[in-house]
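Student: Following this message is one structure expressed as structure tokens.
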Amino acid sequence: MNKSPDAQRMEKIVSLCKRRGFIFQSSDIYGGLSGCWDYGPLGVELKRNVKNYWWRVMVHERDDVVGMDGAILTHPEVLKASGHVEGFSDPMVDCRTCKARLRADQVIEKKGIRQCPNCGGRDLTEARPFNLMFQTQMGAAADESSIAYLRPETAQSIFVQFKNILEVSRKKLPFGIAQIGKAFRNEINPRNFTFRSREFEQMELEYFCRPEEGMELLEYWKEERLKFYENIGISRDRLHVKTVPDEERAFYSKGTYDIEYDFPFGRQELEGVAYRTDYDLSQHQKASGKSLEYFDEETKQRFVPHVVEPSAGVDRTVLALICGAYSEDEAPDEKGKMETRIVLRFHPRMAPIKCAVFPLLKNKEPLVSKAQEIVNFLRPHMNVFYDESGAIGRRYRRQDEIGTPFGVTVDFETLGEKDAALRDTVTLRERDSMKQERVAIKDLASILSARIS
Ligand code: ATP
């Protein structure tokens with residue numbers, strides 16, 4: 001069967017990610033651990049750029065948000081109060097013939113007869129709830145009292161620490177608490193590369209407010225989050241806002257938007273922005289017996305704050321960046337013949353390596369030492385990469401493929417051999433347009449910093 005262009009594109013992306021060290025299957029040499037991924041040298045840089053930029057705009061550039069970093073191992077009472085122990089489940093069916101465990105909505109139904117999509121078998125169990133949380137045991141005793149969970153979202157530790165953080169930060173409503181960290185869900189059917197993983201990272205903000213501010217803040221945060229995606233280079237055309245209909249929304253939510261992205265495998269959720277009312281804090285207040293109320297000094301009223309939650313996935317954002325950036329165009333090779341060029345057109349702010357530095361020839365010591373001098377001089381400002389091997393065109397191509405936005409070449413003009421006026425200048429090449437300009441070495445750091453900040 002011929003694969004669709006989108007499926008082919010996705011295959012090329014997955015293969016590039018492995019070939020160039022963005023993302024590997026976890027435990028690869030043992031056959032892989034399903035739903036888990038390891039980020040390689042370039043992937044970790046890209047991921048950090050996403051998280052750092054989120055932290056910058058959501059925490060550092062604001063007066064009304066503080067951060068926290070909570071534990072992954074979670075007290076069972078927290079997740080009972082939040083509803084996860086009872087309700088965080090998918091209905092599942094087992095096939096008795098091939099032993100496949102299937103999500104109930106994957107079962108094929110033909111003329112009222114249920115069939116396994118794997119083997120066609122008809123001997124299926126009834127659907128039963130399957131909790132998506134990973135449970136573990138803490139300490140030596142192996143009884144009920146030692147149960148702990150790996151958190152299925154970062155949000156709950158924010159709610160549980162609400163009172164402590166309110167006291168130490170002395171913030172007034174409305175204010176938010178932000179967190180970036182790992183979350184774990186035993187997804188029945190991990191798929192679409194990193195899109196649905198069992199271990200993933202979230203970037204969540206819980207923005208606490210007065211009840212009457214909730215709906216307006218929901219709109220505000222939806223807009224802020226759309227700006228975020230545009231500012232990291234995700235095209236607005238590929239982003240869509242879905243208003244989650246009443247019947248699909250959690251019963252306590254007064255309004256939820258899903259921010260969706262056109263991945264090669266379809267339009268899928270990147271982030272949820274939900275107005276969760278006072279549900280979470282009220283639940284924890286009830287279950288813990290500790291007051292989680294806020295005292296409003298102006299009105300002298302005491303109440304449980306409401307919350308608006310923009311909750312984004314780091315891995316899904318990284319995947320959207322890679323899918324959006326992947327492109328193929330034509331560029332001349334060493335002999336001037338046109339060849340296909342693979343380019344990751346990352347926004348310079350997100351690119352794992354900002355600038356590559358090349359001596360024109362590797363066996364000319366003055367070129368090599370000048371290039372290394374430039375590397376050392378740029379290093380405190382940005383992530384740079386030095387490469388002296390192979391023809392210069394090949395070196396450009398290798399950087400295009402990993403999305404490096406700028407290339408600096410040290411040539412004989414840099415040494416002032418042809419024209420004294422060009423001494424200590426280099427060629428600066430831009431990845432997308434392939435345009436080259438001559439710039440002074442002393443200006444490089446400021447020119448590049450302005451383009452990548
Ligand atoms: P989905 O409907 O796709 O399972 P969800 O609605 O359960 O997602 P939320 O609970 O709202 O997701 O989590 C917030 C964000 O966390 C999601 O928008 C997504 O970016 C990320 N996320 C959730 N589950 C996963 C997963 N299994 N793998 C990677 N990222 C995830």
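How things are named: the first chain in the structure tokens is A, the next is B, and so on; residues count from 1 in each chain; ligands count from 1 in the order shown.
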Select the residues contacting ligand 1 at a distance of at most 9 Å, based on only C-alpha atoms and all ligand atoms, then format the selection as a PyMOL selection string.

Tutor: chain A and resi 35+152-153+183-187+190-191+194-204+258-260+268-274+310-317

Student: Based on the backbone DSSP call, show me all residues of stretch 156-332 of chain A assigned strand (DSSP E or B), as number ranges by chain.

Tutor: A: 175-184, 191, 196, 199-209, 239-243, 255-263, 266-275, 294-296, 301-303, 306-313, 326-332

Student: By how many Å are atom CA of A:Lys99 and atom CA of A:Pro129 apart?

Tutor: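 Interatomic distance, atom CA of A:Lys99 to atom CA of A:Pro129: 17.2 Å.
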
Student: Neighbouring residues of stretch 76-92 of chain A were defined as those with any atom within 9 Å, considering only C-alpha atoms; residues of the same chain fewer than 6 positions away were excluded. Please report them as a ChimeraX atom specification.

Tutor: /A:101-105,125-133,147-149,151-152,156-157,160,187-188,279-280,283-284,286-288

Student: For a quick check of understanding, using only C-alpha atoms, which of A:Glu339, A:Glu334, A:Glu293, A:Glu309 has the smallest distance to A:Tyr257?

Tutor: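 The closest residue to A:Tyr257 is A:Glu309.
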
Student: Residues of stretch 146-380 of chain A in helix (DSSP H, G or I) according to DSSP, as a PyMOL selection string?

Tutor: chain A and resi 146+155-160+162-169+211-231+236-238+246-248+279-288+314-325+365-378

Student: Please provide as a list in words all residues within 10 Å of A:Ala325, with the sequence filter that same-chain residues fewer than 2 positions apart are discarded (counting only C-alpha atoms).

Tutor: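 Within the cut-off, the hits are Ile13, Gly233, Ile234, Ser235, Leu319, Ala320, Leu321, Ile322, Cys323, Ser327, Glu328, Val343, Leu344, Arg345, Phe346, His347, Ile402 and Gly403 of chain A.
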
Student: Taking only residues of stretch 65-100 of chain A that have an atom at most 10 Å from an atom of stretch 107-124 of chain A, what is each one's shortest atom pair and its distance in Å to one decimal, using only C-alpha atoms, in chain and number order, as JSON lines?

Tutor:
```
{"residue": "A:Met92", "atom": "CA", "partner": "A:Val107", "partner_atom": "CA", "distance": 9.5}
{"residue": "A:Val93", "atom": "CA", "partner": "A:Leu124", "partner_atom": "CA", "distance": 6.6}
{"residue": "A:Asp94", "atom": "CA", "partner": "A:Leu124", "partner_atom": "CA", "distance": 5.8}
{"residue": "A:Cys95", "atom": "CA", "partner": "A:Leu124", "partner_atom": "CA", "distance": 4.6}
{"residue": "A:Arg96", "atom": "CA", "partner": "A:Asp123", "partner_atom": "CA", "distance": 5.6}
{"residue": "A:Thr97", "atom": "CA", "partner": "A:Gly121", "partner_atom": "CA", "distance": 6.0}
{"residue": "A:Cys98", "atom": "CA", "partner": "A:Cys119", "partner_atom": "CA", "distance": 6.5}
{"residue": "A:Lys99", "atom": "CA", "partner": "A:Leu124", "partner_atom": "CA", "distance": 9.4}
{"residue": "A:Ala100", "atom": "CA", "partner": "A:Asn118", "partner_atom": "CA", "distance": 7.4}
```

Student: Find the residues around stretch 166-168 of chain A up to 10 Å (only C-alpha atoms counted), leave out those fewer than 6 positions away in its own chain, and share them as a PyMOL selection string.

Tutor: chain A and resi 66+175-177+292+294

Student: With distances taken over only C-alpha atoms, which residue among A:Met10, A:Glu230, A:Arg398, A:Phe159 lies nearest A:Gln285?

Tutor: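 Among the listed residues, A:Phe159 lies closest to A:Gln285.
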